[in-house]
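See below for final14.cif, which holds mmCIF, C-alpha atoms and all ligand atoms.
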```cif
data_my_file
loop_
_atom_site.group_PDB
_atom_site.id
_atom_site.type_symbol
_atom_site.label_atom_id
_atom_site.label_comp_id
_atom_site.auth_asym_id
_atom_site.auth_seq_id
_atom_site.Cartn_x
_atom_site.Cartn_y
_atom_site.Cartn_z
ATOM 1 C CA MET A 238 -12.282 -9.985 -5.580
ATOM 2 C CA THR A 239 -13.003 -11.491 -2.145
ATOM 3 C CA ASP A 240 -14.105 -14.855 -3.540
ATOM 4 C CA SER A 241 -10.515 -15.456 -4.653
ATOM 5 C CA ILE A 242 -9.307 -15.705 -1.079
ATOM 6 C CA SER A 243 -9.973 -18.622 1.230
ATOM 7 C CA VAL A 244 -11.697 -17.615 4.472
ATOM 8 C CA LEU A 245 -12.158 -20.146 7.277
ATOM 9 C CA ALA A 246 -14.113 -19.710 10.498
ATOM 10 C CA THR A 247 -13.505 -22.945 12.416
ATOM 11 C CA ILE A 248 -10.434 -24.335 14.157
ATOM 12 C CA LYS A 249 -11.149 -27.737 12.651
ATOM 13 C CA GLU A 250 -10.986 -26.448 9.058
ATOM 14 C CA LEU A 251 -7.911 -24.359 9.842
ATOM 15 C CA ARG A 252 -6.097 -27.385 11.294
ATOM 16 C CA GLN A 253 -7.058 -29.539 8.335
ATOM 17 C CA THR A 254 -5.861 -27.075 5.700
ATOM 18 C CA VAL A 255 -2.652 -26.092 7.469
ATOM 19 C CA GLY A 256 -2.018 -29.737 8.393
ATOM 20 C CA ASP A 257 -2.053 -30.687 4.703
ATOM 21 C CA TRP A 258 0.486 -27.953 3.949
ATOM 22 C CA ARG A 259 2.685 -29.063 6.825
ATOM 23 C CA ALA A 260 2.526 -32.684 5.655
ATOM 24 C CA ALA A 261 3.713 -31.486 2.246
ATOM 25 C CA GLY A 262 6.758 -29.922 3.925
ATOM 26 C CA GLU A 263 5.665 -26.313 3.441
ATOM 27 C CA LYS A 264 6.751 -23.512 5.773
ATOM 28 C CA ILE A 265 3.765 -21.723 7.307
ATOM 29 C CA THR A 266 3.714 -18.136 8.555
ATOM 30 C CA LEU A 267 0.931 -16.617 10.637
ATOM 31 C CA VAL A 268 0.136 -12.895 10.930
ATOM 32 C CA PRO A 269 -2.375 -12.308 13.748
ATOM 33 C CA THR A 270 -4.448 -9.099 13.503
ATOM 34 C CA MET A 271 -7.626 -7.521 14.810
ATOM 35 C CA GLY A 272 -8.559 -6.318 11.315
ATOM 36 C CA ALA A 273 -9.258 -2.746 10.125
ATOM 37 C CA LEU A 274 -6.119 -3.365 8.132
ATOM 38 C CA HIS A 275 -3.721 -0.597 7.123
ATOM 39 C CA ASP A 276 -0.289 -0.528 5.530
ATOM 40 C CA GLY A 277 1.325 -1.506 8.853
ATOM 41 C CA HIS A 278 -0.557 -4.810 8.853
ATOM 42 C CA LEU A 279 0.003 -5.285 5.131
ATOM 43 C CA SER A 280 3.767 -4.836 5.559
ATOM 44 C CA LEU A 281 3.736 -7.814 7.965
ATOM 45 C CA VAL A 282 1.742 -9.855 5.447
ATOM 46 C CA LYS A 283 4.327 -9.051 2.754
ATOM 47 C CA LEU A 284 7.125 -10.026 5.132
ATOM 48 C CA ALA A 285 5.272 -13.296 5.784
ATOM 49 C CA SER A 286 5.110 -14.187 2.107
ATOM 50 C CA GLU A 287 8.861 -13.591 1.826
ATOM 51 C CA THR A 288 9.452 -15.751 4.916
ATOM 52 C CA GLY A 289 7.488 -18.916 4.178
ATOM 53 C CA ASP A 290 5.583 -20.919 1.574
ATOM 54 C CA ARG A 291 2.105 -20.317 3.030
ATOM 55 C CA THR A 292 0.738 -17.187 4.658
ATOM 56 C CA VAL A 293 -2.176 -17.293 7.093
ATOM 57 C CA VAL A 294 -3.699 -14.028 8.358
ATOM 58 C CA SER A 295 -6.045 -14.134 11.329
ATOM 59 C CA ILE A 296 -8.630 -11.438 11.962
ATOM 60 C CA PHE A 297 -10.189 -11.540 15.413
ATOM 61 C CA VAL A 298 -11.088 -8.640 17.684
ATOM 62 C CA ASN A 299 -10.045 -10.264 20.935
ATOM 63 C CA PRO A 300 -12.441 -9.373 23.784
ATOM 64 C CA ALA A 301 -9.952 -10.674 26.396
ATOM 65 C CA GLN A 302 -7.547 -7.787 25.799
ATOM 66 C CA PHE A 303 -10.099 -5.012 26.347
ATOM 67 C CA ALA A 304 -11.121 -3.829 29.813
ATOM 68 C CA PRO A 305 -14.889 -3.260 30.276
ATOM 69 C CA HIS A 306 -14.441 0.531 29.949
ATOM 70 C CA GLU A 307 -12.368 0.228 26.749
ATOM 71 C CA ASP A 308 -13.332 0.323 23.077
ATOM 72 C CA PHE A 309 -14.207 -3.307 22.252
ATOM 73 C CA ASP A 310 -17.686 -2.385 20.976
ATOM 74 C CA SER A 311 -16.566 0.590 18.924
ATOM 75 C CA TYR A 312 -13.307 -0.976 17.635
ATOM 76 C CA PRO A 313 -13.405 -0.626 13.816
ATOM 77 C CA ARG A 314 -14.601 -3.757 12.003
ATOM 78 C CA GLU A 315 -14.091 -3.679 8.245
ATOM 79 C CA ASN A 316 -14.125 -7.300 7.139
ATOM 80 C CA GLU A 317 -15.096 -6.743 3.510
ATOM 81 C CA LYS A 318 -12.439 -4.094 2.974
ATOM 82 C CA ASP A 319 -9.854 -6.202 4.824
ATOM 83 C CA LEU A 320 -10.502 -9.198 2.590
ATOM 84 C CA GLU A 321 -10.266 -7.035 -0.523
ATOM 85 C CA GLN A 322 -6.862 -5.755 0.611
ATOM 86 C CA LEU A 323 -5.612 -9.231 1.491
ATOM 87 C CA ALA A 324 -6.792 -10.611 -1.856
ATOM 88 C CA GLU A 325 -4.305 -8.263 -3.527
ATOM 89 C CA LEU A 326 -1.441 -9.900 -1.601
ATOM 90 C CA ASP A 327 0.077 -13.345 -1.474
ATOM 91 C CA VAL A 328 -2.239 -14.703 1.247
ATOM 92 C CA ASP A 329 -3.280 -18.366 1.271
ATOM 93 C CA LEU A 330 -5.828 -18.282 4.035
ATOM 94 C CA VAL A 331 -7.689 -15.850 6.280
ATOM 95 C CA PHE A 332 -8.852 -17.230 9.614
ATOM 96 C CA MET A 333 -11.863 -15.284 10.923
ATOM 97 C CA PRO A 334 -13.374 -17.220 13.822
ATOM 98 C CA PRO A 335 -16.514 -16.007 15.567
ATOM 99 C CA ARG A 336 -16.136 -15.189 19.254
ATOM 100 C CA ASP A 337 -17.610 -18.471 20.518
ATOM 101 C CA GLU A 338 -15.209 -20.491 18.357
ATOM 102 C CA VAL A 339 -12.335 -18.959 20.328
ATOM 103 C CA TYR A 340 -13.909 -18.571 23.772
ATOM 104 C CA ARG A 341 -16.447 -21.087 25.004
ATOM 105 C CA GLN A 342 -18.919 -19.847 27.605
ATOM 106 C CA ASP A 343 -16.965 -21.425 30.464
ATOM 107 C CA PHE A 344 -13.500 -20.534 29.132
ATOM 108 C CA SER A 345 -11.340 -20.193 32.238
ATOM 109 C CA THR A 346 -7.640 -20.173 31.325
ATOM 110 C CA ARG A 347 -5.342 -17.188 31.154
ATOM 111 C CA VAL A 348 -1.699 -17.013 30.081
ATOM 112 C CA THR A 349 0.335 -14.588 32.181
ATOM 113 C CA VAL A 350 3.816 -13.426 31.215
ATOM 114 C CA GLU A 351 5.281 -11.873 34.324
ATOM 115 C CA ASP A 352 7.969 -9.206 34.337
ATOM 116 C CA LEU A 353 7.806 -8.046 30.695
ATOM 117 C CA SER A 354 4.052 -7.395 31.041
ATOM 118 C CA GLU A 355 4.588 -5.072 33.984
ATOM 119 C CA GLY A 356 5.191 -1.354 33.405
ATOM 120 C CA LEU A 357 4.645 0.706 30.234
ATOM 121 C CA CYS A 358 1.285 -0.395 28.741
ATOM 122 C CA GLY A 359 0.912 -3.060 31.451
ATOM 123 C CA ALA A 360 0.697 -0.384 34.149
ATOM 124 C CA SER A 361 -2.325 1.447 32.744
ATOM 125 C CA ARG A 362 -3.872 -1.593 31.012
ATOM 126 C CA PRO A 363 -3.329 -4.407 33.551
ATOM 127 C CA HIS A 364 -5.672 -6.812 31.716
ATOM 128 C CA PHE A 365 -4.069 -6.247 28.322
ATOM 129 C CA PHE A 366 -1.025 -8.527 28.016
ATOM 130 C CA GLY A 367 -2.791 -11.463 29.674
ATOM 131 C CA GLY A 368 -5.526 -11.149 27.052
ATOM 132 C CA VAL A 369 -3.004 -10.885 24.231
ATOM 133 C CA ALA A 370 -0.809 -13.759 25.465
ATOM 134 C CA THR A 371 -3.870 -15.974 25.884
ATOM 135 C CA VAL A 372 -5.279 -15.381 22.409
ATOM 136 C CA VAL A 373 -1.876 -15.615 20.727
ATOM 137 C CA ALA A 374 -1.081 -18.874 22.556
ATOM 138 C CA LYS A 375 -4.412 -20.194 21.277
ATOM 139 C CA LEU A 376 -3.841 -18.990 17.706
ATOM 140 C CA LEU A 377 -0.348 -20.509 17.650
ATOM 141 C CA ASN A 378 -1.769 -23.782 18.907
ATOM 142 C CA GLN A 379 -4.672 -23.727 16.452
ATOM 143 C CA CYS A 380 -2.529 -22.947 13.402
ATOM 144 C CA ARG A 381 0.882 -24.329 14.491
ATOM 145 C CA PRO A 382 2.844 -22.045 12.164
ATOM 146 C CA ASP A 383 6.635 -22.233 11.777
ATOM 147 C CA VAL A 384 6.837 -18.438 12.050
ATOM 148 C CA ALA A 385 4.535 -15.759 13.471
ATOM 149 C CA ILE A 386 5.022 -12.073 12.683
ATOM 150 C CA PHE A 387 4.205 -9.122 14.937
ATOM 151 C CA GLY A 388 4.829 -5.387 14.535
ATOM 152 C CA GLU A 389 7.391 -3.384 16.479
ATOM 153 C CA LYS A 390 4.652 -0.760 16.756
ATOM 154 C CA ASP A 391 3.528 -2.826 19.762
ATOM 155 C CA TYR A 392 7.070 -3.489 20.893
ATOM 156 C CA GLN A 393 6.288 -4.578 24.458
ATOM 157 C CA GLN A 394 3.671 -6.964 23.049
ATOM 158 C CA LEU A 395 6.271 -8.425 20.661
ATOM 159 C CA LEU A 396 8.633 -9.136 23.584
ATOM 160 C CA VAL A 397 5.822 -10.578 25.713
ATOM 161 C CA ILE A 398 4.799 -12.958 22.917
ATOM 162 C CA ARG A 399 8.387 -13.992 22.203
ATOM 163 C CA ARG A 400 8.898 -14.773 25.915
ATOM 164 C CA MET A 401 5.581 -16.635 26.125
ATOM 165 C CA ALA A 402 6.487 -18.792 23.104
ATOM 166 C CA ARG A 403 9.903 -19.553 24.586
ATOM 167 C CA ASP A 404 8.611 -20.290 28.088
ATOM 168 C CA LEU A 405 5.843 -22.595 26.843
ATOM 169 C CA ASP A 406 8.221 -24.381 24.428
ATOM 170 C CA LEU A 407 6.034 -23.463 21.471
ATOM 171 C CA ASP A 408 7.812 -24.567 18.333
ATOM 172 C CA VAL A 409 7.537 -21.241 16.514
ATOM 173 C CA GLU A 410 9.856 -18.411 15.550
ATOM 174 C CA ILE A 411 8.540 -14.960 16.480
ATOM 175 C CA ILE A 412 9.644 -12.246 14.051
ATOM 176 C CA GLY A 413 9.181 -8.476 14.474
ATOM 177 C CA GLY A 414 8.408 -6.167 11.542
ATOM 178 C CA PRO A 415 9.342 -2.454 11.513
ATOM 179 C CA ILE A 416 6.846 0.311 12.334
ATOM 180 C CA ILE A 417 5.074 1.719 9.285
ATOM 181 C CA ARG A 418 4.276 5.433 9.561
ATOM 182 C CA GLU A 419 2.159 8.031 7.799
ATOM 183 C CA ALA A 420 4.133 10.607 5.790
ATOM 184 C CA ASP A 421 4.116 12.972 8.791
ATOM 185 C CA GLY A 422 5.563 10.334 11.134
ATOM 186 C CA LEU A 423 2.392 9.164 12.918
ATOM 187 C CA ALA A 424 2.603 5.403 13.468
ATOM 188 C CA MET A 425 -0.236 3.732 11.565
ATOM 189 C CA SER A 426 -2.906 2.269 13.825
ATOM 190 C CA SER A 427 -6.493 1.110 13.416
ATOM 191 C CA ARG A 428 -7.322 3.463 16.293
ATOM 192 C CA ASN A 429 -6.118 6.535 14.343
ATOM 193 C CA ALA A 430 -9.605 6.477 12.798
ATOM 194 C CA TYR A 431 -10.920 7.814 16.134
ATOM 195 C CA LEU A 432 -8.928 11.076 15.807
ATOM 196 C CA SER A 433 -10.788 14.287 14.906
ATOM 197 C CA ALA A 434 -9.255 16.419 12.134
ATOM 198 C CA GLU A 435 -7.723 18.708 14.717
ATOM 199 C CA GLU A 436 -6.302 15.811 16.762
ATOM 200 C CA ARG A 437 -4.952 14.172 13.612
ATOM 201 C CA GLU A 438 -2.912 17.314 12.952
ATOM 202 C CA LYS A 439 -1.407 17.166 16.437
ATOM 203 C CA ALA A 440 -0.879 13.413 16.568
ATOM 204 C CA PRO A 441 2.568 13.338 14.809
ATOM 205 C CA LEU A 442 3.964 15.379 17.737
ATOM 206 C CA LEU A 443 4.283 12.118 19.660
ATOM 207 C CA HIS A 444 6.672 10.666 17.090
ATOM 208 C CA GLN A 445 8.441 13.995 16.853
ATOM 209 C CA ALA A 446 8.971 14.044 20.625
ATOM 210 C CA ILE A 447 10.492 10.558 20.822
ATOM 211 C CA SER A 448 12.620 11.189 17.702
ATOM 212 C CA GLU A 449 14.104 14.322 19.266
ATOM 213 C CA ILE A 450 14.822 12.488 22.514
ATOM 214 C CA ALA A 451 16.448 9.611 20.593
ATOM 215 C CA GLU A 452 18.655 12.051 18.737
ATOM 216 C CA ALA A 453 19.701 13.818 21.965
ATOM 217 C CA LEU A 454 20.424 10.533 23.762
ATOM 218 C CA SER A 455 22.604 9.402 20.883
ATOM 219 C CA ASN A 456 24.556 12.625 21.407
ATOM 220 C CA ASN A 457 25.225 11.585 25.005
ATOM 221 C CA VAL A 458 22.651 13.867 26.657
ATOM 222 C CA THR A 459 21.321 12.176 29.840
ATOM 223 C CA THR A 460 17.728 10.994 30.213
ATOM 224 C CA GLY A 461 16.186 12.908 33.162
ATOM 225 C CA ASP A 462 15.626 16.440 31.892
ATOM 226 C CA LEU A 463 14.916 15.295 28.368
ATOM 227 C CA LEU A 464 12.017 13.123 29.455
ATOM 228 C CA ASN A 465 10.585 15.774 31.770
ATOM 229 C CA LYS A 466 10.756 18.339 28.983
ATOM 230 C CA GLY A 467 9.215 15.884 26.514
ATOM 231 C CA ARG A 468 6.306 15.145 28.859
ATOM 232 C CA LYS A 469 5.760 18.853 29.487
ATOM 233 C CA ASN A 470 5.763 19.740 25.777
ATOM 234 C CA LEU A 471 3.320 16.973 24.936
ATOM 235 C CA THR A 472 1.024 17.977 27.789
ATOM 236 C CA GLN A 473 1.089 21.607 26.623
ATOM 237 C CA SER A 474 0.122 20.418 23.123
ATOM 238 C CA GLY A 475 -2.989 18.720 24.525
ATOM 239 C CA PHE A 476 -1.774 15.136 25.107
ATOM 240 C CA ASP A 477 -2.539 13.331 28.339
ATOM 241 C CA VAL A 478 0.802 11.539 28.710
ATOM 242 C CA ASP A 479 0.532 8.008 30.095
ATOM 243 C CA TYR A 480 4.275 7.296 29.920
ATOM 244 C CA LEU A 481 7.438 8.490 28.237
ATOM 245 C CA GLU A 482 10.332 6.236 29.165
ATOM 246 C CA VAL A 483 13.695 4.926 28.063
ATOM 247 C CA ARG A 484 14.125 1.174 28.362
ATOM 248 C CA ASN A 485 16.517 -1.576 27.361
ATOM 249 C CA ALA A 486 15.294 -2.999 24.039
ATOM 250 C CA ASP A 487 15.594 -6.661 25.114
ATOM 251 C CA THR A 488 14.686 -6.683 28.801
ATOM 252 C CA LEU A 489 12.649 -3.458 29.091
ATOM 253 C CA ALA A 490 14.749 -2.560 32.152
ATOM 254 C CA PRO A 491 14.500 1.207 32.809
ATOM 255 C CA ILE A 492 17.528 3.259 31.747
ATOM 256 C CA GLU A 493 18.635 6.366 33.540
ATOM 257 C CA GLY A 494 21.485 8.734 32.788
ATOM 258 C CA ARG A 495 23.593 8.009 29.735
ATOM 259 C CA VAL A 496 22.326 5.277 27.457
ATOM 260 C CA LYS A 497 24.333 2.132 26.745
ATOM 261 C CA GLY A 498 23.563 -0.861 24.525
ATOM 262 C CA GLN A 499 20.303 -1.430 22.662
ATOM 263 C CA VAL A 500 17.842 1.125 23.972
ATOM 264 C CA ARG A 501 14.366 2.305 22.902
ATOM 265 C CA ILE A 502 12.105 5.169 23.869
ATOM 266 C CA PHE A 503 8.514 4.214 24.617
ATOM 267 C CA ALA A 504 5.555 6.578 24.738
ATOM 268 C CA ALA A 505 1.804 6.358 25.251
ATOM 269 C CA ALA A 506 -0.463 9.383 25.333
ATOM 270 C CA ILE A 507 -4.151 10.068 25.021
ATOM 271 C CA LEU A 508 -5.394 12.629 22.555
ATOM 272 C CA GLY A 509 -9.119 13.279 22.989
ATOM 273 C CA LYS A 510 -10.458 9.734 23.336
ATOM 274 C CA THR A 511 -7.659 8.041 21.379
ATOM 275 C CA ARG A 512 -4.766 6.284 23.100
ATOM 276 C CA LEU A 513 -1.666 6.509 20.892
ATOM 277 C CA ILE A 514 1.490 4.470 21.454
ATOM 278 C CA ASP A 515 4.846 4.706 19.744
ATOM 279 C CA ASN A 516 8.476 3.727 20.227
ATOM 280 C CA ILE A 517 11.793 4.268 18.561
ATOM 281 C CA ALA A 518 15.321 2.862 18.767
ATOM 282 C CA VAL A 519 18.051 5.156 20.066
ATOM 283 C CA PRO A 520 20.931 5.137 17.592
ATOM 284 C CA THR A 521 24.176 3.939 19.193
ATOM 285 C CA PRO A 522 25.628 6.953 21.025
ATOM 286 C CA ARG A 523 28.576 8.661 19.367
ATOM 287 C CA LYS A 524 31.782 8.335 21.362
HETATM 288 P P1 LIG B 601 -3.634 -5.071 15.647
HETATM 289 O O1 LIG B 601 -4.594 -5.355 14.547
HETATM 290 O O2 LIG B 601 -3.598 -3.644 16.067
HETATM 291 O O3 LIG B 601 -3.751 -6.058 16.792
HETATM 292 O O4 LIG B 601 -2.205 -5.330 15.028
HETATM 293 C C1 LIG B 601 -1.877 -6.552 14.414
HETATM 294 C C2 LIG B 601 -0.392 -6.586 14.172
HETATM 295 O O5 LIG B 601 -0.018 -5.493 13.331
HETATM 296 C C3 LIG B 601 0.420 -6.423 15.468
HETATM 297 O O6 LIG B 601 1.531 -7.303 15.436
HETATM 298 C C4 LIG B 601 0.840 -4.985 15.417
HETATM 299 O O7 LIG B 601 2.037 -4.721 16.115
HETATM 300 C C5 LIG B 601 1.033 -4.783 13.929
HETATM 301 N N1 LIG B 601 0.976 -3.363 13.577
HETATM 302 C C6 LIG B 601 -0.006 -2.483 13.895
HETATM 303 N N2 LIG B 601 0.312 -1.235 13.451
HETATM 304 C C7 LIG B 601 1.527 -1.347 12.840
HETATM 305 C C8 LIG B 601 2.394 -0.427 12.196
HETATM 306 N N3 LIG B 601 2.085 0.863 12.081
HETATM 307 N N4 LIG B 601 3.554 -0.878 11.693
HETATM 308 C C9 LIG B 601 3.892 -2.201 11.814
HETATM 309 N N5 LIG B 601 3.115 -3.134 12.403
HETATM 310 C C10 LIG B 601 1.949 -2.708 12.920
#
```

Written as structure tokens, how would this file's structure read?
Ligand code: AMP
Amino acid sequence: MTDSISVLATIKELRQTVGDWRAAGEKITLVPTMGALHDGHLSLVKLASETGDRTVVSIFVNPAQFAPHEDFDSYPRENEKDLEQLAELDVDLVFMPPRDEVYRQDFSTRVTVEDLSEGLCGASRPHFFGGVATVVAKLLNQCRPDVAIFGEKDYQQLLVIRRMARDLDLDVEIIGGPIIREADGLAMSSRNAYLSAEEREKAPLLHQAISEIAEALSNNVTTGDLLNKGRKNLTQSGFDVDYLEVRNADTLAPIEGRVKGQVRIFAAAILGKTRLIDNIAVPTPRK
């Protein structure tokens, strides 16, 4: 199956192929991933094929977004399986560069998006958004797509990338795709593979917690007690809560009291050795 899909490893070949499509007036959509693909990734690929004429998927486990103590070495790598899954979809090209194609030995540039990168995941993973913004800026420059698609699962990341593209005048539209969940509500993630059977049973409690808070906020309950109770319940269930916060959906400004406008709840918690993140929109409060 995998020989039916075109896989390129160099920037030169990528530019050549995509350049030909662009010259022919075709609309190109890029879906960047780190592989170990699941239905969340595949939903973005499907969205891409509805959005443009050509779909490019990149698979690159980006060392720049992992701190030395994090899981870069153990991050799941499943290239064969990924290519089999992509071959079933309407994908024109998979870009799988080796590490030294992306980062030369003396690579020394870093893209920093201030403000939106601070707080939430940026507080406990200070290296993370710089690493993401840098690799995405590079991928967008290498491929020069008309559209790039990212998941709302990593909502802060989506906003950081959209701001980076705007600030650097990159000629690309950044689109967000909805979060795809397991039947029990757990947001799909390549890192879910780290969960033990017992942890996997508990993991949907994170989604349950933010769903209940969203429901209460839309019924005009105020934030303070709800969040404290949510943190306490998760901790009692065995989660090490990194954050549980209510923020404006566009600016990520913290919200306290009664919610107004477009608001989301953001959570990150560690279960065993797995860091889970999730977020959910608060329905517009009833009057
Ligand atoms: P990753 O491979 O984890 O870097 O993710 C690649 C892209 O897939 C990112 O834009 C993620 O936000 C997106 N993604 C990951 N999990 C999901 C999910 N459960 N639903 C929707 N998009 C997702």

Taking all atoms listed in the file into account, name the residue in A:Asn465, A:Thr511, A:Ser295, A:Thr488 that is nearest to ligand LIG 601 (chain B).
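Counting all atoms listed in the file, the residue closest to ligand LIG 601 (chain B) is A:Ser295.
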
Got a sec to resolve the PyMOL selection byres (((chain A and resi 494-502) around 12) and not hetatm) on this structure and send the residues as a PyMOL selection string?
chain A and resi 357+389-390+392-393+443-464+467+480-493+503-505+514-524

Scan for residues within 7 Å of the point (-4.8, -9.7, 12.8) in the coordinates of the file, using only C-alpha atoms, and reply as an NGL selection string.
:A and (268-272 or 294-297)

Store the residues of this selection in a file with C-alpha atoms, as a short mmCIF file (atom, residue, chain, number, x, y, z; two decimals), in the coordinates of the input.
```cif
data_model
loop_
_atom_site.label_atom_id
_atom_site.label_comp_id
_atom_site.auth_asym_id
_atom_site.auth_seq_id
_atom_site.Cartn_x
_atom_site.Cartn_y
_atom_site.Cartn_z
CA VAL A 268 0.14 -12.90 10.93
CA PRO A 269 -2.38 -12.31 13.75
CA THR A 270 -4.45 -9.10 13.50
CA MET A 271 -7.63 -7.52 14.81
CA GLY A 272 -8.56 -6.32 11.32
CA VAL A 294 -3.70 -14.03 8.36
CA SER A 295 -6.04 -14.13 11.33
CA ILE A 296 -8.63 -11.44 11.96
CA PHE A 297 -10.19 -11.54 15.41
#
```

Per-residue nearest contacts of chain A to ligand LIG 601 (chain B) (10 Å; all atoms listed in the file) as a Markdown table:
```
| residue | atom | partner | partner_atom | distance |
| --- | --- | --- | --- | --- |
| A:Val268 | CA | B:LIG601 | C2 | 7.1 |
| A:Pro269 | CA | B:LIG601 | C1 | 5.8 |
| A:Thr270 | CA | B:LIG601 | C1 | 3.7 |
| A:Met271 | CA | B:LIG601 | O1 | 3.7 |
| A:Gly272 | CA | B:LIG601 | O1 | 5.2 |
| A:Ala273 | CA | B:LIG601 | O1 | 6.9 |
| A:Leu274 | CA | B:LIG601 | O1 | 6.9 |
| A:His275 | CA | B:LIG601 | N2 | 7.5 |
| A:Asp276 | CA | B:LIG601 | N3 | 7.1 |
| A:Gly277 | CA | B:LIG601 | N4 | 3.7 |
| A:His278 | CA | B:LIG601 | O5 | 4.6 |
| A:Leu279 | CA | B:LIG601 | N5 | 8.2 |
| A:Ser280 | CA | B:LIG601 | C9 | 6.8 |
| A:Leu281 | CA | B:LIG601 | N5 | 6.5 |
| A:Val282 | CA | B:LIG601 | O5 | 9.2 |
| A:Val294 | CA | B:LIG601 | C1 | 9.8 |
| A:Ser295 | CA | B:LIG601 | C1 | 9.2 |
| A:Ile296 | CA | B:LIG601 | O1 | 7.7 |
| A:Phe297 | CA | B:LIG601 | O1 | 8.4 |
| A:Val298 | CA | B:LIG601 | O3 | 7.8 |
| A:Asn299 | CA | B:LIG601 | O3 | 8.6 |
| A:Gln302 | CA | B:LIG601 | O3 | 9.9 |
| A:Val369 | CA | B:LIG601 | O3 | 8.9 |
| A:Ala385 | CA | B:LIG601 | O6 | 9.2 |
| A:Ile386 | CA | B:LIG601 | O6 | 6.5 |
| A:Phe387 | CA | B:LIG601 | O6 | 3.3 |
| A:Gly388 | CA | B:LIG601 | O7 | 3.3 |
| A:Glu389 | CA | B:LIG601 | O7 | 5.5 |
| A:Lys390 | CA | B:LIG601 | O7 | 4.8 |
| A:Asp391 | CA | B:LIG601 | O7 | 4.4 |
| A:Tyr392 | CA | B:LIG601 | O7 | 7.0 |
| A:Gln393 | CA | B:LIG601 | O7 | 9.4 |
| A:Gln394 | CA | B:LIG601 | O7 | 7.5 |
| A:Leu395 | CA | B:LIG601 | O6 | 7.1 |
| A:Ile398 | CA | B:LIG601 | O6 | 9.9 |
| A:Ile412 | CA | B:LIG601 | O6 | 9.6 |
| A:Gly413 | CA | B:LIG601 | O6 | 7.8 |
| A:Gly414 | CA | B:LIG601 | C9 | 6.0 |
| A:Pro415 | CA | B:LIG601 | C9 | 5.5 |
| A:Ile416 | CA | B:LIG601 | N4 | 3.6 |
| A:Ile417 | CA | B:LIG601 | N4 | 3.9 |
| A:Arg418 | CA | B:LIG601 | N3 | 5.7 |
| A:Glu419 | CA | B:LIG601 | N3 | 8.3 |
| A:Leu423 | CA | B:LIG601 | N3 | 8.3 |
| A:Ala424 | CA | B:LIG601 | N3 | 4.8 |
| A:Met425 | CA | B:LIG601 | N3 | 3.7 |
| A:Ser426 | CA | B:LIG601 | N2 | 4.8 |
| A:Ser427 | CA | B:LIG601 | O2 | 6.2 |
| A:Arg428 | CA | B:LIG601 | O2 | 8.0 |
| A:Ile514 | CA | B:LIG601 | N2 | 9.9 |
| A:Asp515 | CA | B:LIG601 | N3 | 9.0 |
```

Please determine an axis-aligned box that encloses all atoms of range 445-461 of chain A listed in the file, with 8 Å added on each side, and express its centre and edge lengths in Å to one decimal as lines of an AutoDock Vina configuration file.
```
center_x = 16.8
center_y = 11.9
center_z = 25.0
size_x = 32.8
size_y = 20.9
size_z = 32.3
```

On this structure, the PyMOL selection byres (((chain A and resi 477) around 7) and not hetatm) would catch which residues? List them as a ChimeraX atom specification, sorted by chain and number.
/A:472,475-476,478-479,506-508
